[in-house]
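As provided, structure-v4.cif (mmCIF, C-alpha atoms) reads as follows.
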```
data_protein
loop_
_atom_site.label_atom_id
_atom_site.label_comp_id
_atom_site.auth_asym_id
_atom_site.auth_seq_id
_atom_site.Cartn_x
_atom_site.Cartn_y
_atom_site.Cartn_z
CA ASP A 131 114.92 144.37 43.61
CA SER A 132 117.82 142.80 41.69
CA PHE A 133 121.11 142.05 43.37
CA ARG A 134 124.61 141.12 42.28
CA LEU A 135 125.74 138.61 44.89
CA ARG A 136 129.40 137.65 45.24
CA PHE A 137 130.37 134.29 46.72
CA ALA A 138 133.95 133.54 47.77
CA LEU A 139 135.38 130.28 46.47
CA PRO A 140 137.37 128.02 48.82
CA ALA A 141 140.74 129.44 47.69
CA PRO A 142 141.70 132.92 46.42
CA ASP A 143 143.32 131.58 43.24
CA MET A 144 140.49 129.12 42.46
CA VAL A 145 138.21 129.47 39.42
CA LEU A 146 134.67 128.14 39.33
CA GLY A 147 135.39 125.93 36.31
CA LEU A 148 131.79 125.85 35.12
CA PRO A 149 131.52 125.02 31.40
CA VAL A 150 129.97 127.78 29.29
CA GLY A 151 126.26 127.05 28.85
CA LYS A 152 125.93 125.16 32.12
CA HIS A 153 124.33 126.27 35.40
CA VAL A 154 124.35 125.29 39.06
CA LEU A 155 121.76 124.55 41.70
CA ILE A 156 121.95 126.83 44.72
CA TYR A 157 120.51 125.53 47.99
CA GLY A 158 118.85 127.47 50.79
CA LYS A 159 115.76 127.61 52.99
CA ASP A 160 112.30 129.01 52.41
CA GLY A 161 110.37 131.08 54.95
CA ASP A 162 109.35 127.94 56.84
CA GLY A 163 112.90 126.63 57.07
CA LYS A 164 112.38 123.96 54.40
CA MET A 165 115.37 123.22 52.15
CA VAL A 166 114.87 124.41 48.55
CA ALA A 167 117.07 124.62 45.46
CA ARG A 168 116.89 126.71 42.31
CA ALA A 169 118.94 126.83 39.11
CA TYR A 170 121.11 129.89 38.48
CA THR A 171 123.69 130.80 35.85
CA PRO A 172 126.64 132.86 37.14
CA ALA A 173 127.35 136.33 35.79
CA THR A 174 131.10 135.72 35.92
CA ALA A 175 133.24 132.91 34.53
CA ASP A 176 136.87 131.85 34.77
CA GLU A 177 138.08 135.33 33.95
CA VAL A 178 137.90 135.97 37.72
CA ARG A 179 139.58 134.05 40.52
CA GLY A 180 138.55 133.50 44.11
CA HIS A 181 134.88 134.34 43.68
CA VAL A 182 131.79 133.96 41.53
CA ASP A 183 128.98 136.49 40.99
CA PHE A 184 125.29 135.84 40.43
CA VAL A 185 122.68 138.40 39.41
CA ILE A 186 119.49 137.45 41.23
CA LYS A 187 116.09 139.11 41.27
CA ALA A 188 114.35 139.03 44.66
CA TYR A 189 110.77 137.92 44.07
CA ARG A 190 108.95 139.31 47.09
CA PRO A 191 105.34 138.48 48.06
CA LEU A 192 102.78 139.75 45.56
CA PRO A 193 99.28 138.63 46.65
CA PRO A 194 97.11 137.06 45.42
CA ARG A 195 99.08 135.59 42.49
CA PHE A 196 102.40 135.14 44.31
CA PRO A 197 101.53 135.29 48.03
CA THR A 198 104.83 134.04 49.49
CA GLY A 199 107.23 135.29 46.83
CA GLY A 200 110.34 133.46 45.66
CA ALA A 201 111.53 130.93 48.21
CA LEU A 202 115.24 130.97 47.40
CA SER A 203 115.61 134.46 45.98
CA GLN A 204 114.38 136.02 49.22
CA TYR A 205 116.67 133.74 51.23
CA LEU A 206 119.71 134.84 49.24
CA CYS A 207 118.85 138.51 48.85
CA ASP A 208 117.06 139.33 52.10
CA ARG A 209 117.45 136.76 54.86
CA ILE A 210 121.03 135.53 55.16
CA PRO A 211 123.83 137.70 56.58
CA LEU A 212 127.17 138.33 54.94
CA TYR A 213 129.69 135.48 55.09
CA THR A 214 127.04 132.77 55.20
CA ASP A 215 128.17 129.52 53.53
CA VAL A 216 125.94 128.56 50.59
CA GLU A 217 125.91 125.17 48.88
CA PHE A 218 126.13 124.86 45.07
CA ARG A 219 125.81 121.75 42.90
CA GLY A 220 126.81 121.48 39.26
CA PRO A 221 127.55 121.59 36.40
CA LEU A 222 124.02 121.00 35.16
CA GLY A 223 122.20 121.72 31.91
CA GLU A 224 121.64 120.45 28.38
CA ILE A 225 123.77 122.96 26.46
CA GLU A 226 127.54 123.39 26.54
CA TYR A 227 129.62 125.75 24.44
CA LEU A 228 132.95 124.16 23.45
CA ARG A 229 134.54 127.17 21.66
CA LYS A 230 135.09 127.91 17.97
CA GLY A 231 131.32 127.82 17.34
CA ARG A 232 130.86 124.26 18.55
CA PHE A 233 128.14 123.28 21.01
CA ASP A 234 127.09 119.99 22.58
CA VAL A 235 123.33 119.86 23.13
CA ALA A 236 121.16 117.17 24.67
CA HIS A 237 119.66 114.89 22.05
CA GLY A 238 117.65 111.79 22.85
CA GLY A 239 119.60 109.97 25.52
CA GLY A 240 122.94 111.47 24.53
CA THR A 241 124.42 114.60 23.02
CA ARG A 242 124.55 116.16 19.58
CA ARG A 243 127.48 118.24 18.32
CA ILE A 244 126.52 121.33 16.33
CA THR A 245 128.59 124.00 14.62
CA CYS A 246 127.15 127.48 14.83
CA LYS A 247 128.29 130.50 12.80
CA ARG A 248 125.35 132.78 13.64
CA ALA A 249 123.07 132.67 16.67
CA GLY A 250 120.03 134.56 17.82
CA LEU A 251 119.60 135.01 21.57
CA ILE A 252 116.14 135.79 22.95
CA ALA A 253 115.91 136.55 26.66
CA GLY A 254 113.47 138.03 29.14
CA GLY A 255 114.40 139.40 32.56
CA THR A 256 116.79 137.17 34.48
CA GLY A 257 116.77 134.81 31.49
CA LEU A 258 119.61 137.05 30.36
CA THR A 259 122.21 135.23 32.47
CA PRO A 260 122.92 132.20 30.23
CA MET A 261 123.08 134.56 27.24
CA LEU A 262 125.54 136.75 29.13
CA GLN A 263 127.64 133.63 29.69
CA LEU A 264 127.83 133.04 25.91
CA ILE A 265 128.53 136.70 25.20
CA THR A 266 131.30 136.87 27.81
CA ALA A 267 132.93 133.84 26.18
CA ALA A 268 132.63 135.54 22.79
CA VAL A 269 134.42 138.66 24.07
CA ALA A 270 137.33 136.46 25.16
CA GLU A 271 137.29 134.36 21.99
CA GLY A 272 137.03 137.11 19.41
CA LYS A 273 136.31 136.26 15.77
CA ARG A 274 136.29 132.49 16.39
CA ALA A 275 133.00 132.80 18.31
CA PRO A 276 129.59 132.73 16.63
CA ARG A 277 128.11 136.04 15.56
CA TYR A 278 125.45 136.74 18.21
CA SER A 279 122.35 138.94 18.11
CA LEU A 280 120.53 139.44 21.44
CA LEU A 281 116.93 140.58 21.87
CA LEU A 282 116.35 141.31 25.56
CA GLY A 283 112.90 142.03 26.96
CA ASN A 284 112.12 143.74 30.27
CA ARG A 285 109.27 145.57 31.93
CA THR A 286 111.06 148.90 32.51
CA GLU A 287 114.45 150.39 31.66
CA GLY A 288 115.50 150.04 35.30
CA ASP A 289 114.93 146.27 35.08
CA ILE A 290 117.70 145.73 32.49
CA LEU A 291 120.37 143.62 34.17
CA CYS A 292 124.11 143.92 33.51
CA ARG A 293 123.49 146.69 31.00
CA GLU A 294 126.99 148.13 31.15
CA GLN A 295 128.52 144.69 30.65
CA LEU A 296 126.24 144.05 27.66
CA GLU A 297 126.98 147.38 26.03
CA ASP A 298 130.72 146.93 26.53
CA ALA A 299 130.42 143.56 24.76
CA ALA A 300 128.45 145.17 21.95
CA ALA A 301 131.11 147.87 21.59
CA ALA A 302 133.72 145.09 21.36
CA GLY A 303 131.78 143.52 18.48
CA ALA A 304 130.78 140.38 20.41
CA VAL A 305 127.01 140.89 20.05
CA ASP A 306 124.39 142.96 18.24
CA LEU A 307 122.29 144.28 21.11
CA HIS A 308 118.54 145.00 21.00
CA TYR A 309 116.14 145.92 23.81
CA THR A 310 112.37 145.90 24.14
CA LEU A 311 110.39 147.29 27.10
CA ASP A 312 106.77 146.86 28.16
CA GLN A 313 106.79 150.30 29.84
CA PRO A 314 109.37 152.44 28.06
CA PRO A 315 110.26 156.04 28.96
CA ALA A 316 109.14 158.79 26.62
CA ASP A 317 112.46 159.03 24.79
CA TRP A 318 113.10 155.28 24.47
CA PRO A 319 114.91 154.65 21.15
CA HIS A 320 114.57 150.85 21.05
CA PHE A 321 111.67 148.38 20.65
CA THR A 322 108.48 148.55 22.67
CA GLY A 323 106.14 145.78 23.78
CA PHE A 324 105.96 142.00 23.72
CA VAL A 325 108.35 140.13 21.43
CA ASP A 326 106.54 139.92 18.08
CA ALA A 327 107.23 138.72 14.54
CA PRO A 328 108.44 142.09 13.12
CA MET A 329 110.83 142.44 16.08
CA LEU A 330 112.27 138.97 15.44
CA GLU A 331 112.55 139.72 11.71
CA LYS A 332 114.69 142.78 12.48
CA THR A 333 116.90 141.27 15.20
CA MET A 334 117.35 137.53 14.55
CA PRO A 335 119.58 136.04 11.85
CA PRO A 336 117.73 134.39 8.95
CA PRO A 337 117.39 130.59 8.96
CA GLY A 338 120.41 128.67 7.73
CA PRO A 339 122.23 125.35 8.19
CA GLU A 340 124.69 126.83 10.73
CA THR A 341 122.27 129.29 12.35
CA TYR A 342 120.71 128.55 15.74
CA VAL A 343 118.50 130.37 18.22
CA PHE A 344 118.75 130.13 22.01
CA CYS A 345 115.91 131.23 24.32
CA CYS A 346 115.55 131.82 28.05
CA GLY A 347 112.85 133.71 29.91
CA PRO A 348 109.21 133.58 30.99
CA PRO A 349 107.49 130.52 29.44
CA PRO A 350 104.76 132.52 27.60
CA MET A 351 107.42 134.70 25.94
CA VAL A 352 109.56 131.71 24.97
CA LYS A 353 106.61 129.70 23.63
CA SER A 354 105.40 132.62 21.53
CA ALA A 355 108.89 133.38 20.21
CA ILE A 356 109.50 129.77 19.17
CA ALA A 357 106.20 129.64 17.26
CA LYS A 358 107.13 132.84 15.41
CA LEU A 359 110.63 131.59 14.65
CA GLU A 360 109.28 128.34 13.21
CA ALA A 361 106.77 130.29 11.12
CA ARG A 362 109.72 132.26 9.77
CA GLY A 363 111.45 129.05 8.68
CA HIS A 364 113.72 128.17 11.59
CA ALA A 365 113.80 124.40 12.08
CA ALA A 366 112.59 123.14 15.45
CA ASP A 367 115.85 121.25 15.97
CA GLN A 368 117.83 124.49 15.58
CA ILE A 369 116.02 126.27 18.44
CA PHE A 370 117.16 125.55 22.00
CA CYS A 371 116.02 126.66 25.45
CA PHE A 372 118.14 127.11 28.55
#
```
Just give me the structure as structure tokens.
Amino acid sequence: DSFRLRFALPAPDMVLGLPVGKHVLIYGKDGDGKMVARAYTPATADEVRGHVDFVIKAYRPLPPRFPTGGALSQYLCDRIPLYTDVEFRGPLGEIEYLRKGRFDVAHGGGTRRITCKRAGLIAGGTGLTPMLQLITAAVAEGKRAPRYSLLLGNRTEGDILCREQLEDAAAAGAVDLHYTLDQPPADWPHFTGFVDAPMLEKTMPPPGPETYVFCCGPPPMVKSAIAKLEARGHAADQIFCF
């Protein structure tokens, strides 16, 4: 129920030009024909020309909790034919990676410049995509990028998105990669269950003046992770959410 969707850009030599850390709004129609928009982070960056890819999970109806499913995800994954024009708007977002470990983050009514040498990345499900954006930039940048450690949570092994891309990045030294599953197979060698304090202790860098943590995923997971990070000594102003 997850799809990698490729959208052609207006010209074959054009790049998207989206700053690392930013996202776009994608517009479409729900089942009643009403215009809707949702935020998505692309799975490709300016390393490709002429197109942009998004990894999107189709949230189909799941009564009674989710009776109509995801309005835009079903439009993109199930309802529109190939070669349909789709409208994007961006760049949007409160975090931008500027290279060489420097980020601009929203602060009050303006921005704050931070320098990051080590970063923990905590993601659940499709919350992986902004982390993948940072990791892809780190592959291109090499040793000038922050040292990243990713903890990625999913329900099953089959739900892990972009796994080959992640493991290639880990092999290149761009990220230390850690998985946790709610429903692991019998021979699963990684973590099991909800993100907890021992898991964070083993996978996240220790607190420090140039250490930051970035989170993206289901709100209960993010809220719980932030509380555990703060209990471990990470300052609230060094934890950011996409």
Residues near Tyr342 (chain A), cut-off 8 Å, only C-alpha atoms, skip fewer than 5 positions along chain, as a ChimeraX atom specification: /A:246,248-250,337,368-370
Selected residue, from A:Ala253, A:Arg232, A:Leu258, A:Thr322, that lies nearest to Glu287 (chain A) when counting all atoms listed in the file: A:Thr322
Coordinates of box centre and edge lengths for region 324-331 of chain A, 5 Å on every side, axis-aligned, as AutoDock Vina command-line options:
```
--center_x 109.3 --center_y 140.6 --center_z 17.7 --size_x 16.6 --size_y 13.7 --size_z 22.0
```
Shell of 7 Å around Lys247 (chain A), all atoms listed in the file, local chain residues under 2 positions omitted, as a ChimeraX atom specification: /A:231,245,249,276-277,340-341
Explicit residue set for the PyMOL selection byres ((chain A and resi 292-296) around 9), as JSON, numbers by chain: {"A": [173, 185, 258, 259, 262, 265, 266, 290, 291, 297, 298, 299, 300, 301, 305, 307]}
Within-9 Å shell of (119.5, 133.1, 38.4) in input frame, all atoms listed in the file, as a ChimeraX atom specification: /A:153,168-173,184-187,203,256-260
Nearest-residue call for Gln263 (chain A), choices A:Val150, A:Cys346, A:Leu228, A:Ala141, using all atoms listed in the file: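 Selected residue with least distance to Gln263 (chain A): A:Val150.
For the pair CA of Asp317 (chain A) and CA of Thr286 (chain A), the separation is 12.8 Å.
Pairwise distance (CA of Met329 (chain A), CA of Ala361 (chain A)) equals 13.7 Å.
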Computed interatomic separation between CA of Ala201 (chain A) and CA of Leu155 (chain A) (Å):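 Interatomic distance here is 13.7 Å.
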